[in-house]
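Raw contents of protein_30.cif, mmCIF, C-alpha atoms and all ligand atoms:
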data_protein
#
loop_
_atom_site.label_atom_id
_atom_site.label_comp_id
_atom_site.auth_asym_id
_atom_site.auth_seq_id
_atom_site.Cartn_x
_atom_site.Cartn_y
_atom_site.Cartn_z
CA MET P 1 -126.81 -188.84 148.84
CA GLU P 2 -126.88 -185.04 149.00
CA PHE P 3 -123.11 -185.12 148.97
CA ALA P 4 -122.92 -186.98 145.65
CA ARG P 5 -125.58 -184.82 144.04
CA GLN P 6 -124.08 -181.48 144.93
CA VAL P 7 -120.73 -182.13 143.31
CA ARG P 8 -120.48 -180.69 139.82
CA ARG P 9 -119.04 -183.60 137.90
CA GLN P 10 -116.60 -181.93 135.57
CA ALA P 11 -112.91 -182.00 134.70
CA GLN P 12 -110.31 -180.16 132.68
CA VAL P 13 -107.34 -182.20 131.56
CA SER P 14 -104.42 -181.03 129.48
CA ARG P 15 -101.45 -183.07 128.37
CA LYS P 16 -98.49 -181.98 126.29
CA THR P 17 -95.69 -184.17 124.99
CA ASP P 18 -93.31 -183.91 122.05
CA GLU P 19 -95.91 -185.83 120.02
CA THR P 20 -99.25 -184.32 121.02
CA ASP P 21 -100.79 -181.32 122.77
CA ILE P 22 -104.33 -182.03 124.02
CA GLU P 23 -106.88 -180.16 126.11
CA ALA P 24 -110.24 -181.52 127.22
CA ASP P 25 -113.05 -179.79 129.09
CA LEU P 26 -115.74 -182.21 130.21
CA LEU P 27 -119.08 -181.96 132.03
CA LEU P 28 -120.72 -185.30 132.85
CA ASP P 29 -124.22 -184.07 133.62
CA GLY P 30 -124.56 -182.08 130.44
CA SER P 31 -126.68 -182.18 127.30
CA GLY P 32 -124.37 -183.85 124.80
CA SER P 33 -123.02 -180.65 123.32
CA THR P 34 -119.60 -181.13 121.78
CA ARG P 35 -116.83 -179.17 120.13
CA ILE P 36 -114.20 -181.60 118.97
CA ALA P 37 -111.14 -180.92 116.84
CA SER P 38 -108.51 -183.67 116.76
CA GLY P 39 -107.36 -183.05 113.19
CA VAL P 40 -108.71 -186.49 112.15
CA ALA P 41 -112.19 -185.89 110.75
CA PHE P 42 -113.58 -189.41 111.00
CA PHE P 43 -112.32 -189.76 114.57
CA ASP P 44 -114.02 -186.44 115.47
CA HIS P 45 -117.24 -187.84 113.99
CA MET P 46 -116.94 -190.94 116.20
CA LEU P 47 -116.15 -189.02 119.42
CA GLU P 48 -119.10 -186.76 118.73
CA GLN P 49 -121.32 -189.87 118.69
CA THR P 50 -120.04 -191.10 122.05
CA PHE P 51 -120.36 -187.81 123.91
CA ARG P 52 -123.68 -186.83 122.30
CA HIS P 53 -125.21 -190.17 123.25
CA ALA P 54 -123.71 -190.09 126.76
CA LEU P 55 -125.17 -186.56 127.22
CA PHE P 56 -121.72 -185.39 128.33
CA ASP P 57 -120.55 -181.93 127.25
CA LEU P 58 -117.08 -182.02 125.74
CA GLU P 59 -114.64 -179.58 124.27
CA LEU P 60 -111.58 -181.35 122.91
CA ARG P 61 -108.69 -179.77 121.11
CA ALA P 62 -105.78 -181.90 119.97
CA GLN P 63 -102.72 -181.00 117.98
CA GLY P 64 -100.70 -184.07 117.16
CA ASP P 65 -97.92 -185.17 114.86
CA LEU P 66 -100.32 -186.11 112.06
CA LEU P 67 -97.50 -185.82 109.56
CA VAL P 68 -96.16 -189.05 111.10
CA ASP P 69 -99.61 -190.68 111.27
CA ALA P 70 -102.70 -190.47 113.49
CA HIS P 71 -101.49 -193.06 116.00
CA HIS P 72 -100.13 -190.74 118.72
CA THR P 73 -103.05 -188.32 118.41
CA ILE P 74 -105.75 -190.99 118.71
CA GLU P 75 -103.95 -192.90 121.46
CA ASP P 76 -103.36 -189.75 123.53
CA CYS P 77 -106.93 -188.49 123.03
CA GLY P 78 -108.03 -191.84 124.52
CA TYR P 79 -105.77 -191.29 127.48
CA VAL P 80 -106.95 -187.71 128.09
CA LEU P 81 -110.67 -188.52 127.70
CA GLY P 82 -110.47 -191.52 130.03
CA LYS P 83 -108.60 -189.44 132.56
CA ALA P 84 -111.14 -186.61 132.31
CA ILE P 85 -114.08 -188.95 132.98
CA SER P 86 -112.22 -190.60 135.86
CA GLN P 87 -111.37 -187.23 137.38
CA ALA P 88 -114.97 -186.02 137.03
CA LEU P 89 -116.17 -189.18 138.82
CA GLY P 90 -113.84 -188.67 141.78
CA ALA P 91 -114.17 -191.58 144.21
CA ARG P 92 -117.08 -193.03 142.20
CA VAL P 93 -119.42 -192.65 145.16
CA GLY P 94 -123.05 -193.49 144.44
CA ILE P 95 -122.65 -194.34 140.76
CA ALA P 96 -124.41 -197.24 139.05
CA ARG P 97 -120.94 -198.51 137.98
CA TYR P 98 -122.15 -200.82 135.18
CA GLY P 99 -123.64 -199.90 131.83
CA SER P 100 -124.47 -201.77 128.66
CA ALA P 101 -125.95 -201.05 125.27
CA LEU P 102 -127.09 -202.92 122.20
CA ILE P 103 -127.03 -200.47 119.31
CA PRO P 104 -128.27 -201.19 115.80
CA MET P 105 -126.86 -199.08 112.99
CA ASP P 106 -128.74 -200.06 109.86
CA GLU P 107 -127.65 -203.66 109.06
CA SER P 108 -125.13 -203.86 111.93
CA LEU P 109 -125.49 -204.53 115.64
CA ALA P 110 -122.98 -203.45 118.32
CA ARG P 111 -122.80 -204.56 121.94
CA VAL P 112 -120.89 -202.47 124.51
CA VAL P 113 -120.60 -203.32 128.20
CA ILE P 114 -118.66 -201.28 130.75
CA ASP P 115 -117.66 -201.65 134.40
CA LEU P 116 -116.17 -198.56 136.05
CA SER P 117 -114.27 -200.88 138.37
CA GLY P 118 -111.02 -198.93 138.54
CA ARG P 119 -109.29 -201.84 136.81
CA PRO P 120 -108.44 -201.47 133.11
CA SER P 121 -109.34 -204.19 130.65
CA LEU P 122 -110.38 -204.15 127.00
CA HIS P 123 -112.03 -206.79 124.85
CA PHE P 124 -112.57 -205.42 121.35
CA ARG P 125 -114.01 -207.61 118.58
CA LEU P 126 -114.65 -206.03 115.21
CA PRO P 127 -113.28 -207.78 112.12
CA PHE P 128 -112.95 -204.83 109.73
CA ILE P 129 -113.21 -205.45 106.00
CA SER P 130 -111.27 -202.35 104.93
CA ARG P 131 -108.03 -200.94 106.29
CA LEU P 132 -109.17 -197.31 106.17
CA ILE P 133 -112.37 -195.44 107.00
CA GLY P 134 -112.01 -191.93 105.65
CA SER P 135 -108.32 -191.31 106.26
CA CYS P 136 -108.40 -193.24 109.53
CA ASP P 137 -106.53 -196.55 109.85
CA VAL P 138 -109.01 -198.96 111.46
CA CYS P 139 -106.33 -200.45 113.75
CA LEU P 140 -106.31 -197.15 115.66
CA PHE P 141 -109.78 -197.69 117.14
CA GLN P 142 -108.51 -200.50 119.33
CA VAL P 143 -105.53 -198.32 120.27
CA PHE P 144 -107.96 -195.59 121.31
CA PHE P 145 -110.19 -197.86 123.41
CA SER P 146 -107.16 -199.44 125.05
CA SER P 147 -105.69 -196.16 126.30
CA PHE P 148 -109.19 -194.92 127.19
CA SER P 149 -109.96 -197.99 129.33
CA HIS P 150 -106.56 -197.71 131.04
CA SER P 151 -106.80 -194.09 132.09
CA LEU P 152 -110.50 -194.42 132.93
CA GLY P 153 -109.95 -197.55 135.00
CA ALA P 154 -112.73 -199.48 133.32
CA SER P 155 -113.39 -202.92 131.99
CA LEU P 156 -114.69 -202.39 128.48
CA HIS P 157 -116.21 -205.14 126.32
CA MET P 158 -117.01 -204.11 122.76
CA THR P 159 -118.32 -206.48 120.14
CA SER P 160 -119.71 -205.87 116.71
CA LEU P 161 -122.09 -208.82 116.51
CA TYR P 162 -122.61 -208.52 112.76
CA GLY P 163 -122.78 -206.04 109.90
CA GLU P 164 -121.64 -205.44 106.33
CA ASN P 165 -120.33 -201.89 106.48
CA ASP P 166 -117.27 -200.86 108.51
CA HIS P 167 -118.50 -197.29 109.00
CA HIS P 168 -121.80 -198.54 110.45
CA ARG P 169 -120.12 -201.16 112.61
CA ILE P 170 -117.62 -198.83 114.29
CA GLU P 171 -120.18 -196.05 114.64
CA GLY P 172 -122.47 -198.47 116.50
CA ILE P 173 -119.56 -199.21 118.87
CA PHE P 174 -118.90 -195.52 119.59
CA LYS P 175 -122.61 -194.82 120.12
CA GLY P 176 -122.86 -197.89 122.33
CA LEU P 177 -119.98 -196.57 124.43
CA GLY P 178 -121.96 -193.36 124.94
CA HIS P 179 -125.08 -195.19 126.11
CA ALA P 180 -123.11 -197.57 128.33
CA LEU P 181 -121.20 -194.67 129.93
CA ARG P 182 -124.38 -192.70 130.50
CA ALA P 183 -125.84 -195.65 132.41
CA ALA P 184 -122.66 -196.39 134.36
CA VAL P 185 -122.04 -192.84 135.65
CA ARG P 186 -125.68 -192.37 136.70
CA ILE P 187 -126.10 -191.52 140.39
CA ASP P 188 -128.14 -194.31 141.99
CA GLU P 189 -129.83 -192.52 144.87
CA SER P 190 -130.40 -195.73 146.80
CA LEU P 191 -126.61 -196.04 147.17
CA GLY P 192 -126.33 -192.79 149.08
CA GLN P 193 -122.65 -192.17 149.82
CA ARG P 194 -121.71 -195.78 149.28
CA VAL P 195 -119.57 -197.18 146.52
CA LEU P 196 -121.04 -200.23 144.73
CA SER P 197 -118.32 -202.67 145.75
CA THR P 198 -117.87 -205.12 148.62
CA LYS P 199 -114.39 -203.62 148.99
CA GLY P 200 -115.95 -200.27 149.77
CA CYS P 201 -113.94 -198.58 147.04
CA LEU P 202 -113.54 -198.80 143.30
CA SER P 203 -109.79 -199.21 143.37
CA GLY P 204 -107.27 -197.54 141.13
CA VAL P 205 -109.21 -194.34 140.64
CA GLU P 206 -107.37 -191.06 140.79
CA GLY P 207 -110.03 -189.41 142.88
CA SER P 208 -110.39 -190.15 146.57
CA ALA P 209 -112.88 -189.45 149.32
CA ALA P 210 -110.61 -186.57 150.38
CA SER P 211 -110.62 -184.96 146.94
CA MET P 212 -114.41 -185.33 146.71
CA ALA P 213 -114.73 -183.53 150.04
CA GLU P 214 -112.43 -180.79 148.73
CA LYS P 215 -114.55 -180.31 145.60
CA SER P 216 -117.80 -180.17 147.55
CA LYS P 217 -116.65 -177.22 149.66
MN MN O 1 -121.50 -191.83 110.35
#

Would you write out, as structure tokens, the structure that this file holds?
Ligand SMILES: [Mn+2]
Amino acid sequence: MEFARQVRRQAQVSRKTDETDIEADLLLDGSGSTRIASGVAFFDHMLEQTFRHALFDLELRAQGDLLVDAHHTIEDCGYVLGKAISQALGARVGIARYGSALIPMDESLARVVIDLSGRPSLHFRLPFISRLIGSCDVCLFQVFFSSFSHSLGASLHMTSLYGENDHHRIEGIFKGLGHALRAAVRIDESLGQRVLSTKGCLSGVEGSAASMAEKSK
């Protein structure tokens, strides 16, 4: 129990390809303070919702090939953010593992459920009315959540139950992700140094018991 508590749950991840150059600095047990600059304003607005509501501190800087379109930038931000959370969680010792949220946003209602199982899976249901929100193609949200769930190693179920306005509906989803994450990463003190799995590990994570021990030194 002491072991899990003493570790500062943070990560820095950078990733550079010919398409994107991204740096993320993340603190899980933060206050929700964010500085986000992806070059896609509406996407920044959505990420700010997730990390503010999760109470994670995040600095994210992305420079992508936006002259092509926002696809690579948004997809790779998903990859980097999922990886940063996974890295900050290490071997996932003592965490609640599951989180869920029902989030109203005016006339709309979003449901988000997450399992930090180590196994990636995404179910995303939001029938958009428009093709664009701001300058952001709505098909890119699913692309984002897909790469995020893969690098995080999480089963992610996101459903907009109803609503009239695309902006409200997707914002409810991003806020719901924040609340679900906040619940799932919470240290459950009754678990002590155990992992909430009959296997004894949450498989597929990049961290390991050895790397947790290294960090706690
Ligand atoms: Mn908004």

Determine the nearest neighbour of His157 (chain P) from the options P:Ser130, P:Gln12, P:Ser100, P:Thr34, counting only C-alpha atoms.
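Checking each candidate against His157 (chain P), we get P:Ser100 as the closest.
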
Could you please extract the residues within 12 Å of ligand MN 1 (chain O), counting all atoms listed in the file, and hand them back as a list in words?
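So, counting all atoms listed in the file, the residues near ligand MN 1 (chain O) are Ala41, Phe42, Phe43, Asp44, His45, Met46, Leu47, Glu48, Gln49, Thr50, Met105, Asp106, Ile133, Gly134, Asn165, Asp166, His167, His168, Arg169, Ile170, Glu171, Gly172, Ile173, Phe174 and Lys175 of chain P.
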
Need to verify the contact set: Ala110 (chain P), 7 Å, only C-alpha atoms, exclusion of same-chain residues closer than 2 positions in sequence. Can you return it as a list in words?
Leu102, Ile103, Pro104, Ser108, Val112, Thr159, Ser160, Leu161, Arg169, Gly172, Ile173 and Gly176 of chain P

Surrounding residues of Leu140 (chain P) excluding itself and chain neighbours under 4 positions, 12 Å, only C-alpha atoms, as a ChimeraX atom specification
/P:40,42-43,69-78,124,128,131-133,135-136,144-147,170

What is the CA of Ser149 (chain P)-CA of Ala88 (chain P) distance in Å, reported with one decimal?
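Here the two named atoms are 15.1 Å from each other.
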
In Å to one decimal, how far is CA of Gly39 (chain P) from CA of Leu67 (chain P)?
10.9 Å

Neighbouring residues of Lys83 (chain P) were defined as those with any atom within 10 Å, considering all atoms listed in the file; residues of the same chain fewer than 6 positions away were excluded. Please report them as a ChimeraX atom specification.
/P:11-14,24,77,89,147-153,205-206

Please report as CSV every residue of region 72-97 of chain P lying within 12 Å of region 197-203 of chain P, along with the nearest atom pair and their distance in Å (one decimal), using only C-alpha atoms.
residue,atom,partner,partner_atom,distance
P:Ser86,CA,P:Leu202,CA,11.2
P:Leu89,CA,P:Leu202,CA,10.9
P:Gly90,CA,P:Leu202,CA,10.2
P:Ala91,CA,P:Leu202,CA,7.3
P:Arg92,CA,P:Leu202,CA,6.9
P:Val93,CA,P:Cys201,CA,8.3
P:Gly94,CA,P:Ser197,CA,10.4
P:Ile95,CA,P:Leu202,CA,10.5
P:Ala96,CA,P:Ser197,CA,10.6
P:Arg97,CA,P:Leu202,CA,9.1

Residues as selected, C-alpha atoms, written as a PDB file, in the frame of the given file, can you do that?
ATOM      1  CA  SER P  86    -112.220-190.600 135.860  1.00  0.00           C
ATOM      2  CA  LEU P  89    -116.170-189.180 138.820  1.00  0.00           C
ATOM      3  CA  GLY P  90    -113.840-188.670 141.780  1.00  0.00           C
ATOM      4  CA  ALA P  91    -114.170-191.580 144.210  1.00  0.00           C
ATOM      5  CA  ARG P  92    -117.080-193.030 142.200  1.00  0.00           C
ATOM      6  CA  VAL P  93    -119.420-192.650 145.160  1.00  0.00           C
ATOM      7  CA  GLY P  94    -123.050-193.490 144.440  1.00  0.00           C
ATOM      8  CA  ILE P  95    -122.650-194.340 140.760  1.00  0.00           C
ATOM      9  CA  ALA P  96    -124.410-197.240 139.050  1.00  0.00           C
ATOM     10  CA  ARG P  97    -120.940-198.510 137.980  1.00  0.00           C
TER      11      ARG P  97
END

For Arg9 (chain P), find every residue with an atom within 12 Å (counting only C-alpha atoms), except residues of its own chain fewer than 6 positions away, and show them as a count of residues only.
27

Could you tell me how far CA of Ser33 (chain P) sits from CA of Gly99 (chain P), in Å to one decimal place?
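Calculated distance between CA of Gly99 (chain P) and CA of Ser33 (chain P) is 21.1 Å.
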
Check the smallest atom-to-atom distance from each of P:Ser190, P:Gln10, P:Ser155, P:Gln63 to Ser117 (chain P) using only C-alpha atoms, then report the winner.
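Selected residue with least distance to Ser117 (chain P): P:Ser155.
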
Looking at all atoms listed in the file, which of P:Arg125, P:Arg182, P:Val138, P:Arg15 is the one that sits closest to Gly32 (chain P)?
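Distance minimum relative to Gly32 (chain P) lands on P:Arg182.
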
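Counting only C-alpha atoms, the residue from P:Ala154, P:Phe51, P:Gly163, P:Val143 that sits nearest to Leu126 (chain P) is P:Gly163.
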
Pick the closest to His179 (chain P) from P:His53, P:Glu23, P:Arg8, P:Val113: which is it, counting all atoms listed in the file?
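Nearest candidate to His179 (chain P) out of P:His53, P:Glu23, P:Arg8, P:Val113: P:His53.
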